[in-house]
file query-v2.cif (mmCIF, C-alpha atoms, pLDDT in the B column; chains and numbers go by the auth columns)
data_target
loop_
_atom_site.group_PDB
_atom_site.id
_atom_site.type_symbol
_atom_site.label_atom_id
_atom_site.label_comp_id
_atom_site.label_asym_id
_atom_site.label_seq_id
_atom_site.Cartn_x
_atom_site.Cartn_y
_atom_site.Cartn_z
_atom_site.B_iso_or_equiv
_atom_site.auth_seq_id
_atom_site.auth_asym_id
ATOM 1 C CA VAL A 1 -0.843 1.159 -13.325 81.00 1 A
ATOM 2 C CA ARG A 2 -2.323 -0.066 -10.055 79.00 2 A
ATOM 3 C CA HIS A 3 -4.606 -3.101 -10.189 82.00 3 A
ATOM 4 C CA ASP A 4 -2.535 -4.737 -12.881 86.00 4 A
ATOM 5 C CA ALA A 5 1.003 -5.979 -13.540 90.00 5 A
ATOM 6 C CA PRO A 6 2.020 -5.712 -17.213 91.00 6 A
ATOM 7 C CA ASP A 7 4.634 -8.082 -18.615 92.00 7 A
ATOM 8 C CA TRP A 8 7.289 -5.362 -18.609 93.00 8 A
ATOM 9 C CA LEU A 9 6.805 -4.901 -14.867 93.00 9 A
ATOM 10 C CA ARG A 10 7.067 -8.638 -14.208 93.00 10 A
ATOM 11 C CA ASN A 11 10.378 -8.768 -16.057 93.00 11 A
ATOM 12 C CA LEU A 12 11.736 -5.664 -14.317 93.00 12 A
ATOM 13 C CA VAL A 13 10.953 -7.144 -10.877 93.00 13 A
ATOM 14 C CA VAL A 14 12.990 -10.251 -11.734 93.00 14 A
ATOM 15 C CA ASP A 15 15.835 -8.082 -13.053 92.00 15 A
ATOM 16 C CA ALA A 16 15.810 -6.006 -9.845 92.00 16 A
ATOM 17 C CA ALA A 17 16.135 -9.178 -7.770 92.00 17 A
ATOM 18 C CA TYR A 18 19.099 -10.357 -9.834 91.00 18 A
ATOM 19 C CA GLU A 19 20.800 -6.980 -9.420 89.00 19 A
ATOM 20 C CA VAL A 20 20.981 -7.493 -5.639 87.00 20 A
ATOM 21 C CA GLU A 21 22.325 -11.024 -6.107 84.00 21 A
ATOM 22 C CA VAL A 22 19.083 -12.916 -5.520 85.00 22 A
ATOM 23 C CA GLY A 23 19.752 -15.440 -8.269 86.00 23 A
ATOM 24 C CA PRO A 24 17.331 -17.429 -10.430 89.00 24 A
ATOM 25 C CA SER A 25 17.271 -20.419 -8.061 90.00 25 A
ATOM 26 C CA SER A 26 16.412 -18.236 -5.058 89.00 26 A
ATOM 27 C CA VAL A 27 13.737 -16.310 -6.956 90.00 27 A
ATOM 28 C CA ARG A 28 12.259 -19.596 -8.188 92.00 28 A
ATOM 29 C CA ALA A 29 12.128 -20.983 -4.651 92.00 29 A
ATOM 30 C CA ILE A 30 10.342 -17.865 -3.366 91.00 30 A
ATOM 31 C CA LEU A 31 7.961 -17.764 -6.319 92.00 31 A
ATOM 32 C CA CYS A 32 7.072 -21.471 -6.176 92.00 32 A
ATOM 33 C CA LYS A 33 6.319 -21.157 -2.473 92.00 33 A
ATOM 34 C CA LEU A 34 4.123 -18.154 -3.169 90.00 34 A
ATOM 35 C CA LEU A 35 2.245 -19.786 -6.045 91.00 35 A
ATOM 36 C CA LEU A 36 2.142 -23.291 -4.501 91.00 36 A
ATOM 37 C CA GLU A 37 4.032 -24.659 -7.495 89.00 37 A
ATOM 38 C CA SER A 38 6.833 -27.252 -7.683 89.00 38 A
ATOM 39 C CA PRO A 39 10.163 -26.323 -9.286 86.00 39 A
ATOM 40 C CA ASP A 40 10.860 -28.139 -12.548 86.00 40 A
ATOM 41 C CA PRO A 41 13.555 -30.712 -11.675 86.00 41 A
ATOM 42 C CA GLY A 42 14.664 -30.713 -15.306 86.00 42 A
ATOM 43 C CA ASN A 43 15.799 -27.100 -15.021 86.00 43 A
ATOM 44 C CA TRP A 44 19.113 -26.841 -13.207 84.00 44 A
ATOM 45 C CA SER A 45 21.166 -24.300 -15.200 90.00 45 A
ATOM 46 C CA ALA A 46 20.749 -20.572 -14.501 88.00 46 A
ATOM 47 C CA PRO A 47 19.366 -19.685 -17.981 88.00 47 A
ATOM 48 C CA ASN A 48 16.757 -22.452 -17.821 91.00 48 A
ATOM 49 C CA ILE A 49 15.721 -21.534 -14.279 91.00 49 A
ATOM 50 C CA ASP A 50 15.464 -17.889 -15.330 88.00 50 A
ATOM 51 C CA SER A 51 13.119 -18.910 -18.165 91.00 51 A
ATOM 52 C CA GLU A 52 11.041 -20.918 -15.694 91.00 52 A
ATOM 53 C CA VAL A 53 10.850 -17.979 -13.287 91.00 53 A
ATOM 54 C CA ARG A 54 9.672 -15.593 -15.979 92.00 54 A
ATOM 55 C CA TRP A 55 7.135 -18.117 -17.300 92.00 55 A
ATOM 56 C CA LEU A 56 5.703 -18.738 -13.808 92.00 56 A
ATOM 57 C CA LEU A 57 5.474 -15.031 -13.126 92.00 57 A
ATOM 58 C CA ARG A 58 3.955 -14.272 -16.523 92.00 58 A
ATOM 59 C CA LYS A 59 0.985 -16.566 -15.875 92.00 59 A
ATOM 60 C CA ALA A 60 0.522 -15.538 -12.214 91.00 60 A
ATOM 61 C CA PRO A 61 -2.381 -13.259 -11.127 92.00 61 A
ATOM 62 C CA TRP A 62 -1.366 -9.596 -11.158 91.00 62 A
ATOM 63 C CA PHE A 63 -1.393 -9.191 -7.389 89.00 63 A
ATOM 64 C CA CYS A 64 1.092 -12.057 -6.956 91.00 64 A
ATOM 65 C CA VAL A 65 3.743 -9.888 -8.629 91.00 65 A
ATOM 66 C CA TYR A 66 3.507 -7.448 -5.723 93.00 66 A
ATOM 67 C CA ASP A 67 3.412 -10.341 -3.252 92.00 67 A
ATOM 68 C CA LEU A 68 6.690 -11.524 -4.790 93.00 68 A
ATOM 69 C CA ILE A 69 8.277 -8.110 -4.259 93.00 69 A
ATOM 70 C CA GLU A 70 7.339 -8.208 -0.569 92.00 70 A
ATOM 71 C CA SER A 71 8.588 -11.796 -0.248 92.00 71 A
ATOM 72 C CA ILE A 72 11.970 -10.985 -1.808 90.00 72 A
ATOM 73 C CA TYR A 73 12.387 -7.990 0.492 91.00 73 A
ATOM 74 C CA LEU A 74 11.452 -10.116 3.500 89.00 74 A
ATOM 75 C CA GLU A 75 13.977 -12.772 2.494 85.00 75 A
ATOM 76 C CA LEU A 76 16.727 -10.184 2.081 85.00 76 A
ATOM 77 C CA ASN A 77 15.899 -8.465 5.344 80.00 77 A
ATOM 78 C CA ALA A 78 15.456 -11.586 7.477 77.00 78 A
ATOM 79 C CA LYS A 79 18.146 -13.899 6.144 65.00 79 A
ATOM 80 C CA PRO A 80 20.887 -11.971 4.351 54.00 80 A
ATOM 81 C CA LEU A 81 23.346 -14.178 2.537 55.00 81 A
ATOM 82 C CA ALA A 82 26.994 -14.089 3.558 49.00 82 A
ATOM 83 C CA PHE A 83 28.096 -12.337 0.365 45.00 83 A
ATOM 84 C CA GLN A 84 25.387 -9.684 0.549 54.00 84 A
ATOM 85 C CA LYS A 85 25.905 -6.219 1.943 58.00 85 A
ATOM 86 C CA ALA A 86 23.980 -5.128 5.020 58.00 86 A
ATOM 87 C CA ASN A 87 21.734 -2.749 3.080 71.00 87 A
ATOM 88 C CA THR A 88 20.785 -5.135 0.241 84.00 88 A
ATOM 89 C CA ALA A 89 17.093 -5.106 1.188 85.00 89 A
ATOM 90 C CA GLU A 90 17.018 -1.315 0.968 87.00 90 A
ATOM 91 C CA GLN A 91 18.870 -1.405 -2.352 88.00 91 A
ATOM 92 C CA PHE A 92 16.167 -3.703 -3.671 89.00 92 A
ATOM 93 C CA SER A 93 13.491 -1.389 -2.254 91.00 93 A
ATOM 94 C CA ASP A 94 15.094 1.636 -3.927 92.00 94 A
ATOM 95 C CA ALA A 95 15.279 -0.187 -7.258 92.00 95 A
ATOM 96 C CA ILE A 96 11.624 -1.231 -7.103 92.00 96 A
ATOM 97 C CA ASN A 97 10.444 2.262 -6.148 92.00 97 A
ATOM 98 C CA LEU A 98 12.493 3.775 -8.972 93.00 98 A
ATOM 99 C CA ILE A 99 10.734 1.415 -11.400 92.00 99 A
ATOM 100 C CA PHE A 100 7.358 2.348 -9.944 92.00 100 A
ATOM 101 C CA ARG A 101 7.996 6.075 -10.265 90.00 101 A
ATOM 102 C CA LYS A 102 9.533 6.016 -13.728 90.00 102 A
ATOM 103 C CA LYS A 103 6.916 3.678 -15.175 90.00 103 A
ATOM 104 C CA GLY A 104 3.880 5.243 -13.480 88.00 104 A
ATOM 105 C CA VAL A 105 2.976 2.363 -11.163 90.00 105 A
ATOM 106 C CA GLY A 106 0.633 3.444 -8.353 86.00 106 A
ATOM 107 C CA TRP A 107 2.398 1.525 -5.582 88.00 107 A
ATOM 108 C CA GLN A 108 5.480 1.974 -3.422 89.00 108 A
ATOM 109 C CA LEU A 109 7.547 -0.399 -1.301 89.00 109 A
ATOM 110 C CA THR A 110 7.676 1.056 2.225 85.00 110 A
ATOM 111 C CA GLU A 111 9.365 -0.843 5.046 83.00 111 A
ATOM 112 C CA GLY A 112 8.869 -4.065 3.135 85.00 112 A
ATOM 113 C CA ARG A 113 5.152 -3.558 2.444 87.00 113 A
ATOM 114 C CA ILE A 114 3.548 -2.574 -0.837 88.00 114 A
ATOM 115 C CA GLN A 115 1.445 0.530 -0.207 84.00 115 A
ATOM 116 C CA VAL A 116 -0.670 2.659 -2.465 81.00 116 A
ATOM 117 C CA ARG A 117 1.116 5.616 -4.076 81.00 117 A
ATOM 118 C CA GLY A 118 -0.977 8.583 -5.127 72.00 118 A
ATOM 119 C CA ALA A 119 -0.349 11.979 -6.634 69.00 119 A
ATOM 120 C CA GLU A 120 2.414 14.072 -5.075 68.00 120 A
ATOM 121 C CA ILE A 121 -0.049 16.196 -3.078 67.00 121 A
ATOM 122 C CA PHE A 122 -1.656 13.015 -1.701 74.00 122 A
ATOM 123 C CA GLU A 123 1.718 11.636 -0.639 72.00 123 A
ATOM 124 C CA GLU A 124 2.759 14.909 1.014 75.00 124 A
ATOM 125 C CA SER A 125 -0.562 15.243 2.860 80.00 125 A
ATOM 126 C CA VAL A 126 -0.500 11.702 4.198 79.00 126 A
ATOM 127 C CA ARG A 127 3.143 11.901 5.287 80.00 127 A
ATOM 128 C CA GLU A 128 2.539 15.216 7.058 83.00 128 A
ATOM 129 C CA ALA A 129 -0.596 13.939 8.786 84.00 129 A
ATOM 130 C CA VAL A 130 1.164 10.797 10.048 83.00 130 A
ATOM 131 C CA THR A 131 4.190 12.817 11.201 85.00 131 A
ATOM 132 C CA LEU A 132 2.141 15.476 13.002 86.00 132 A
ATOM 133 C CA THR A 133 -0.081 12.986 14.838 87.00 133 A
ATOM 134 C CA GLU A 134 2.984 11.024 15.923 84.00 134 A
ATOM 135 C CA GLU A 135 4.949 14.092 17.047 83.00 135 A
ATOM 136 C CA SER A 136 1.958 15.412 19.038 85.00 136 A
ATOM 137 C CA GLY A 137 1.459 12.064 20.782 86.00 137 A
ATOM 138 C CA ARG A 138 -1.880 11.287 19.107 85.00 138 A
ATOM 139 C CA LEU A 139 -0.992 7.698 18.376 86.00 139 A
ATOM 140 C CA VAL A 140 -4.565 6.457 17.992 87.00 140 A
ATOM 141 C CA ALA A 141 -5.156 8.986 15.214 86.00 141 A
ATOM 142 C CA ARG A 142 -1.825 8.031 13.627 87.00 142 A
ATOM 143 C CA ASN A 143 -2.773 4.360 13.696 87.00 143 A
ATOM 144 C CA GLU A 144 -6.159 5.129 12.124 88.00 144 A
ATOM 145 C CA LEU A 145 -4.400 6.928 9.269 86.00 145 A
ATOM 146 C CA LYS A 146 -2.070 3.984 8.754 85.00 146 A
ATOM 147 C CA GLU A 147 -5.012 1.583 8.755 86.00 147 A
ATOM 148 C CA ALA A 148 -6.701 3.752 6.132 86.00 148 A
ATOM 149 C CA LEU A 149 -3.588 3.408 3.952 83.00 149 A
ATOM 150 C CA ARG A 150 -3.455 -0.349 4.517 84.00 150 A
ATOM 151 C CA ASP A 151 -7.076 -0.684 3.442 86.00 151 A
ATOM 152 C CA LEU A 152 -6.395 1.271 0.248 82.00 152 A
ATOM 153 C CA SER A 153 -3.389 -0.996 -0.353 81.00 153 A
ATOM 154 C CA ARG A 154 -5.183 -4.328 -0.005 83.00 154 A
ATOM 155 C CA ARG A 155 -4.873 -6.689 -2.941 79.00 155 A
ATOM 156 C CA PRO A 156 -6.526 -7.799 -5.141 84.00 156 A
ATOM 157 C CA GLU A 157 -9.347 -5.442 -4.070 81.00 157 A
ATOM 158 C CA PRO A 158 -8.889 -2.339 -1.890 84.00 158 A
ATOM 159 C CA GLU A 159 -11.048 -2.096 1.230 84.00 159 A
ATOM 160 C CA ILE A 160 -12.572 1.262 0.299 84.00 160 A
ATOM 161 C CA THR A 161 -15.254 1.472 2.978 84.00 161 A
ATOM 162 C CA GLY A 162 -12.681 0.585 5.648 84.00 162 A
ATOM 163 C CA SER A 163 -10.323 3.287 4.395 86.00 163 A
ATOM 164 C CA ILE A 164 -13.086 5.905 4.583 86.00 164 A
ATOM 165 C CA GLN A 165 -14.005 4.804 8.112 85.00 165 A
ATOM 166 C CA HIS A 166 -10.423 4.886 9.381 88.00 166 A
ATOM 167 C CA SER A 167 -9.531 8.238 7.815 85.00 167 A
ATOM 168 C CA MET A 168 -12.562 9.994 9.289 85.00 168 A
ATOM 169 C CA ALA A 169 -11.951 8.253 12.620 86.00 169 A
ATOM 170 C CA ALA A 170 -8.492 9.846 12.658 87.00 170 A
ATOM 171 C CA LEU A 171 -10.018 13.298 12.182 84.00 171 A
ATOM 172 C CA GLU A 172 -12.672 12.635 14.823 85.00 172 A
ATOM 173 C CA CYS A 173 -10.010 11.449 17.273 86.00 173 A
ATOM 174 C CA VAL A 174 -7.921 14.614 16.849 85.00 174 A
ATOM 175 C CA ALA A 175 -10.980 16.869 17.124 83.00 175 A
ATOM 176 C CA LYS A 176 -12.101 15.252 20.380 83.00 176 A
ATOM 177 C CA ASP A 177 -8.602 15.411 21.836 84.00 177 A
ATOM 178 C CA LEU A 178 -8.232 19.106 21.046 81.00 178 A
ATOM 179 C CA THR A 179 -11.382 20.120 22.939 82.00 179 A
ATOM 180 C CA GLY A 180 -11.936 17.240 25.363 83.00 180 A
ATOM 181 C CA ASP A 181 -15.408 16.560 23.926 78.00 181 A
ATOM 182 C CA THR A 182 -14.820 12.824 23.943 78.00 182 A
ATOM 183 C CA LYS A 183 -18.476 11.725 23.760 80.00 183 A
ATOM 184 C CA LEU A 184 -19.463 13.648 20.633 78.00 184 A
ATOM 185 C CA THR A 185 -19.478 12.276 17.123 80.00 185 A
ATOM 186 C CA LEU A 186 -17.570 14.376 14.607 79.00 186 A
ATOM 187 C CA GLY A 187 -20.874 15.626 13.199 79.00 187 A
ATOM 188 C CA ASP A 188 -22.031 16.855 16.609 82.00 188 A
ATOM 189 C CA TRP A 189 -18.538 18.181 17.361 83.00 189 A
ATOM 190 C CA LEU A 190 -18.654 20.311 14.194 80.00 190 A
ATOM 191 C CA LYS A 191 -22.028 21.768 15.204 80.00 191 A
ATOM 192 C CA LYS A 192 -20.709 22.642 18.666 83.00 192 A
ATOM 193 C CA ASN A 193 -17.382 23.977 17.336 81.00 193 A
ATOM 194 C CA SER A 194 -18.613 25.730 14.228 78.00 194 A
ATOM 195 C CA ASN A 195 -15.674 28.147 14.203 80.00 195 A
ATOM 196 C CA ALA A 196 -12.978 25.484 14.507 82.00 196 A
ATOM 197 C CA PHE A 197 -12.255 25.668 10.767 82.00 197 A
ATOM 198 C CA PRO A 198 -12.268 28.664 8.431 82.00 198 A
ATOM 199 C CA GLN A 199 -15.127 28.551 5.936 81.00 199 A
ATOM 200 C CA PRO A 200 -15.746 26.859 3.580 84.00 200 A
ATOM 201 C CA ILE A 201 -13.447 24.199 5.095 82.00 201 A
ATOM 202 C CA GLY A 202 -15.847 23.608 7.990 79.00 202 A
ATOM 203 C CA SER A 203 -18.780 23.031 5.646 82.00 203 A
ATOM 204 C CA ALA A 204 -16.656 20.722 3.489 84.00 204 A
ATOM 205 C CA ILE A 205 -15.650 18.607 6.495 83.00 205 A
ATOM 206 C CA ASP A 206 -19.269 18.425 7.628 82.00 206 A
ATOM 207 C CA LYS A 207 -20.216 17.087 4.186 83.00 207 A
ATOM 208 C CA LEU A 208 -17.286 14.652 4.243 84.00 208 A
ATOM 209 C CA TRP A 209 -18.559 13.348 7.578 83.00 209 A
ATOM 210 C CA GLY A 210 -22.004 12.851 6.065 82.00 210 A
ATOM 211 C CA TYR A 211 -20.438 11.111 3.082 81.00 211 A
ATOM 212 C CA ALA A 212 -18.408 8.816 5.356 80.00 212 A
ATOM 213 C CA SER A 213 -21.566 7.927 7.275 77.00 213 A
ATOM 214 C CA GLN A 214 -23.346 6.962 4.061 73.00 214 A
ATOM 215 C CA TYR A 215 -20.531 5.191 2.228 66.00 215 A
ATOM 216 C CA GLY A 216 -18.262 4.080 5.060 57.00 216 A
ATOM 217 C CA ARG A 217 -20.781 2.767 7.574 62.00 217 A
ATOM 218 C CA HIS A 218 -24.346 2.678 6.195 54.00 218 A
ATOM 219 C CA VAL A 219 -23.522 1.193 2.794 55.00 219 A
ATOM 220 C CA GLN A 220 -26.140 0.379 0.141 56.00 220 A
ATOM 221 C CA GLU A 221 -26.272 -2.118 -2.685 56.00 221 A
ATOM 222 C CA GLY A 222 -25.516 -0.549 -6.039 52.00 222 A
ATOM 223 C CA LYS A 223 -23.877 2.539 -4.516 62.00 223 A
ATOM 224 C CA PRO A 224 -20.263 1.648 -3.736 68.00 224 A
ATOM 225 C CA ALA A 225 -17.671 4.313 -3.079 74.00 225 A
ATOM 226 C CA ASP A 226 -14.761 4.401 -5.503 77.00 226 A
ATOM 227 C CA PHE A 227 -11.010 4.552 -5.006 80.00 227 A
ATOM 228 C CA SER A 228 -10.610 8.261 -5.775 80.00 228 A
ATOM 229 C CA GLU A 229 -13.244 9.155 -3.185 82.00 229 A
ATOM 230 C CA ALA A 230 -11.418 7.112 -0.554 81.00 230 A
ATOM 231 C CA GLU A 231 -8.178 8.941 -1.458 79.00 231 A
ATOM 232 C CA LEU A 232 -9.941 12.264 -0.947 80.00 232 A
#

call {"tool": "encode", "arguments": {"input": "query-v2.cif", "output": "structure tokens"}}
result
Amino acid sequence: VRHDAPDWLRNLVVDAAYEVEVGPSSVRAILCKLLLESPDPGNWSAPNIDSEVRWLLRKAPWFCVYDLIESIYLELNAKPLAFQKANTAEQFSDAINLIFRKKGVGWQLTEGRIQVRGAEIFEESVREAVTLTEESGRLVARNELKEALRDLSRRPEPEITGSIQHSMAALECVAKDLTGDTKLTLGDWLKKNSNAFPQPIGSAIDKLWGYASQYGRHVQEGKPADFSEAEL
């Protein structure tokens, strides 16, 4: 589940909020603000407000469910209530991510932002790439990787061409920094440094660069890139 929010997920999100003591009235206030709706003044008891919350969320566009998750986290993190524990926002985040993993939802709540969640190898590769670029002081490359993730995580439609551009820019940035060839494109850099990668990795990267040029920069009508290609 990625570009959707089934009814069971909508109900579980509300339940997760209640578990960290964000009650029906608070959830309704957040949700009405998000959806530009007015609370029903006739509903004042907790059961009635809960019914209103679930009804509002049931008819909301799918992406608003994930917006609500971010909004609840933000509320918990920015203005914790007196009776809440200091780590309530993280408890909510853990509960949401557990739901996502157990129910096969392709998102994750990371530092208060909903981000795309891929297969385990995808997650490991991205985490390692971000960590290595940060530890080696290549912050521009790290930022390009993070922007690529943000583009894949945009709702309701991912920014696929932007993700392709940013991910290849990260690779180009690292390649230039390693050799000091700052004026070369990645394609020219690969020709000059043909032995930088063991084969067939070098040939694969050269083809990925060509693909990124065609689908990330010089796009054509009727030939859009798809999500799985951007992940790759």

call {"tool": "resolve_selection", "arguments": {"input": "query-v2.cif", "expression": "the PyMOL selection byres ((chain A and resi 70) around 8)", "output": "compact mmCIF listing (two decimals) with C-alpha atoms, in the frame of the given file"}}
result
# COMPACT_ATOMS: atom_id res chain seq x y z
CA TYR A 66 3.51 -7.45 -5.72
CA ASP A 67 3.41 -10.34 -3.25
CA LEU A 68 6.69 -11.52 -4.79
CA ILE A 69 8.28 -8.11 -4.26
CA SER A 71 8.59 -11.80 -0.25
CA ILE A 72 11.97 -10.98 -1.81
CA TYR A 73 12.39 -7.99 0.49
CA LEU A 74 11.45 -10.12 3.50
CA LEU A 109 7.55 -0.40 -1.30
CA GLY A 112 8.87 -4.07 3.14
CA ARG A 113 5.15 -3.56 2.44
CA ILE A 114 3.55 -2.57 -0.84

call {"tool": "resolve_selection", "arguments": {"input": "query-v2.cif", "expression": "the PyMOL selection byres ((chain A and resi 116) around 7)", "output": "VMD selection string"}}
result
chain A and resid 106 to 108 114 to 115 117 to 118 152 to 153

call {"tool": "atom_distance", "arguments": {"input": "query-v2.cif", "atom1": "atom CA of Arg10 of chain A", "atom2": "atom CA of Glu123 of chain A"}}
result
25.0 Å

call {"tool": "closest_residue", "arguments": {"input": "query-v2.cif", "among": "A:Asp206, A:Leu190, A:Glu134, A:Phe227", "to": "Leu149 of chain A", "atoms": "all atoms listed in the file"}}
result
A:Phe227

call {"tool": "closest_residue", "arguments": {"input": "query-v2.cif", "among": "A:Thr133, A:Arg58, A:Ser45, A:Asp15", "to": "Phe92 of chain A", "atoms": "all atoms listed in the file"}}
result
A:Asp15

call {"tool": "closest_residue", "arguments": {"input": "query-v2.cif", "among": "A:Ala204, A:Ala196, A:Val20, A:Leu132", "to": "Glu90 of chain A", "atoms": "only C-alpha atoms"}}
result
A:Val20

call {"tool": "residues_around", "arguments": {"input": "query-v2.cif", "residues": "Leu145 of chain A", "least_positions_apart": "4", "cutoff": "7 Å", "atoms": "all atoms listed in the file", "output": "list of chain:residue names"}}
result
A:Val130, A:Ala141, A:Leu149, A:His166, A:Ser167, A:Ala170

call {"tool": "residues_around", "arguments": {"input": "query-v2.cif", "residues": "Gly162 of chain A", "least_positions_apart": "6", "cutoff": "12 Å", "atoms": "only C-alpha atoms", "output": "VMD selection string"}}
result
chain A and resid 144 to 154 168 to 169 212 to 213 215 to 219 225 to 227 230 to 231

call {"tool": "atom_distance", "arguments": {"input": "query-v2.cif", "atom1": "atom CA of Gly202 of chain A", "atom2": "atom CA of Asn143 of chain A"}}
result
24.0 Å

call {"tool": "atom_distance", "arguments": {"input": "query-v2.cif", "atom1": "atom CA of Val65 of chain A", "atom2": "atom CA of Gln91 of chain A"}}
result
18.4 Å

call {"tool": "closest_residue", "arguments": {"input": "query-v2.cif", "among": "A:Gly137, A:Ile201, A:Glu37, A:Ile30", "to": "Val174 of chain A", "atoms": "only C-alpha atoms"}}
result
A:Gly137

call {"tool": "axis_aligned_box", "arguments": {"input": "query-v2.cif", "around": "segment 44-47 of chain A", "padding_each_side": "5 Å", "output": "JSON"}}
result
{"center_x": 20.1, "center_y": -23.3, "center_z": -15.6, "size_x": 12.1, "size_y": 17.2, "size_z": 14.8}

call {"tool": "closest_residue", "arguments": {"input": "query-v2.cif", "among": "A:Ile164, A:Ile205, A:Cys173, A:Leu98", "to": "Ser228 of chain A", "atoms": "all atoms listed in the file"}}
result
A:Ile164

call {"tool": "closest_residue", "arguments": {"input": "query-v2.cif", "among": "A:Val1, A:Val13, A:Val126, A:Ile99", "to": "Leu57 of chain A", "atoms": "all atoms listed in the file"}}
result
A:Val13

call {"tool": "build_atoms", "arguments": {"input": "query-v2.cif", "residues": "segment 42-48 of chain A", "atoms": "all heavy atoms", "output": "PDB file, in the frame of the given file"}}
result
ATOM      1  N   GLY A  42      13.863 -30.662 -14.089  1.00 86.00           N
ATOM      2  CA  GLY A  42      14.664 -30.713 -15.306  1.00 86.00           C
ATOM      3  C   GLY A  42      15.429 -29.435 -15.576  1.00 86.00           C
ATOM      4  O   GLY A  42      16.300 -29.402 -16.448  1.00 86.00           O
ATOM      5  N   ASN A  43      15.091 -28.373 -14.865  1.00 86.00           N
ATOM      6  CA  ASN A  43      15.799 -27.100 -15.021  1.00 86.00           C
ATOM      7  C   ASN A  43      16.814 -26.945 -13.894  1.00 86.00           C
ATOM      8  O   ASN A  43      16.432 -26.794 -12.728  1.00 86.00           O
ATOM      9  CB  ASN A  43      14.807 -25.932 -14.999  1.00 86.00           C
ATOM     10  CG  ASN A  43      13.947 -25.864 -16.227  1.00 86.00           C
ATOM     11  OD1 ASN A  43      14.343 -26.325 -17.295  1.00 86.00           O
ATOM     12  ND2 ASN A  43      12.759 -25.296 -16.111  1.00 86.00           N
ATOM     13  N   TRP A  44      18.076 -26.982 -14.239  1.00 84.00           N
ATOM     14  CA  TRP A  44      19.113 -26.841 -13.207  1.00 84.00           C
ATOM     15  C   TRP A  44      20.147 -25.769 -13.556  1.00 84.00           C
ATOM     16  O   TRP A  44      20.843 -25.269 -12.691  1.00 84.00           O
ATOM     17  CB  TRP A  44      19.827 -28.172 -12.982  1.00 84.00           C
ATOM     18  CG  TRP A  44      20.340 -28.819 -14.244  1.00 84.00           C
ATOM     19  CD1 TRP A  44      19.685 -29.706 -15.031  1.00 84.00           C
ATOM     20  CD2 TRP A  44      21.598 -28.577 -14.860  1.00 84.00           C
ATOM     21  NE1 TRP A  44      20.463 -30.056 -16.116  1.00 84.00           N
ATOM     22  CE2 TRP A  44      21.648 -29.380 -16.036  1.00 84.00           C
ATOM     23  CE3 TRP A  44      22.701 -27.789 -14.548  1.00 84.00           C
ATOM     24  CZ2 TRP A  44      22.753 -29.391 -16.883  1.00 84.00           C
ATOM     25  CZ3 TRP A  44      23.803 -27.801 -15.396  1.00 84.00           C
ATOM     26  CH2 TRP A  44      23.818 -28.597 -16.556  1.00 84.00           C
ATOM     27  N   SER A  45      20.238 -25.367 -14.832  1.00 90.00           N
ATOM     28  CA  SER A  45      21.166 -24.300 -15.200  1.00 90.00           C
ATOM     29  C   SER A  45      20.487 -22.945 -15.020  1.00 90.00           C
ATOM     30  O   SER A  45      19.256 -22.829 -15.109  1.00 90.00           O
ATOM     31  CB  SER A  45      21.630 -24.462 -16.649  1.00 90.00           C
ATOM     32  OG  SER A  45      20.547 -24.272 -17.542  1.00 90.00           O
ATOM     33  N   ALA A  46      21.288 -21.913 -14.762  1.00 88.00           N
ATOM     34  CA  ALA A  46      20.749 -20.572 -14.501  1.00 88.00           C
ATOM     35  C   ALA A  46      19.850 -20.055 -15.623  1.00 88.00           C
ATOM     36  O   ALA A  46      18.757 -19.539 -15.352  1.00 88.00           O
ATOM     37  CB  ALA A  46      21.890 -19.593 -14.224  1.00 88.00           C
ATOM     38  N   PRO A  47      20.248 -20.182 -16.915  1.00 88.00           N
ATOM     39  CA  PRO A  47      19.366 -19.685 -17.981  1.00 88.00           C
ATOM     40  C   PRO A  47      18.013 -20.392 -18.013  1.00 88.00           C
ATOM     41  O   PRO A  47      16.976 -19.751 -18.229  1.00 88.00           O
ATOM     42  CB  PRO A  47      20.175 -19.945 -19.256  1.00 88.00           C
ATOM     43  CG  PRO A  47      21.594 -19.984 -18.815  1.00 88.00           C
ATOM     44  CD  PRO A  47      21.559 -20.614 -17.457  1.00 88.00           C
ATOM     45  N   ASN A  48      18.019 -21.708 -17.804  1.00 91.00           N
ATOM     46  CA  ASN A  48      16.757 -22.452 -17.821  1.00 91.00           C
ATOM     47  C   ASN A  48      15.875 -22.089 -16.635  1.00 91.00           C
ATOM     48  O   ASN A  48      14.652 -21.978 -16.761  1.00 91.00           O
ATOM     49  CB  ASN A  48      17.027 -23.961 -17.833  1.00 91.00           C
ATOM     50  CG  ASN A  48      17.547 -24.450 -19.174  1.00 91.00           C
ATOM     51  OD1 ASN A  48      17.439 -23.758 -20.177  1.00 91.00           O
ATOM     52  ND2 ASN A  48      18.120 -25.644 -19.192  1.00 91.00           N
TER      53      ASN A  48
END
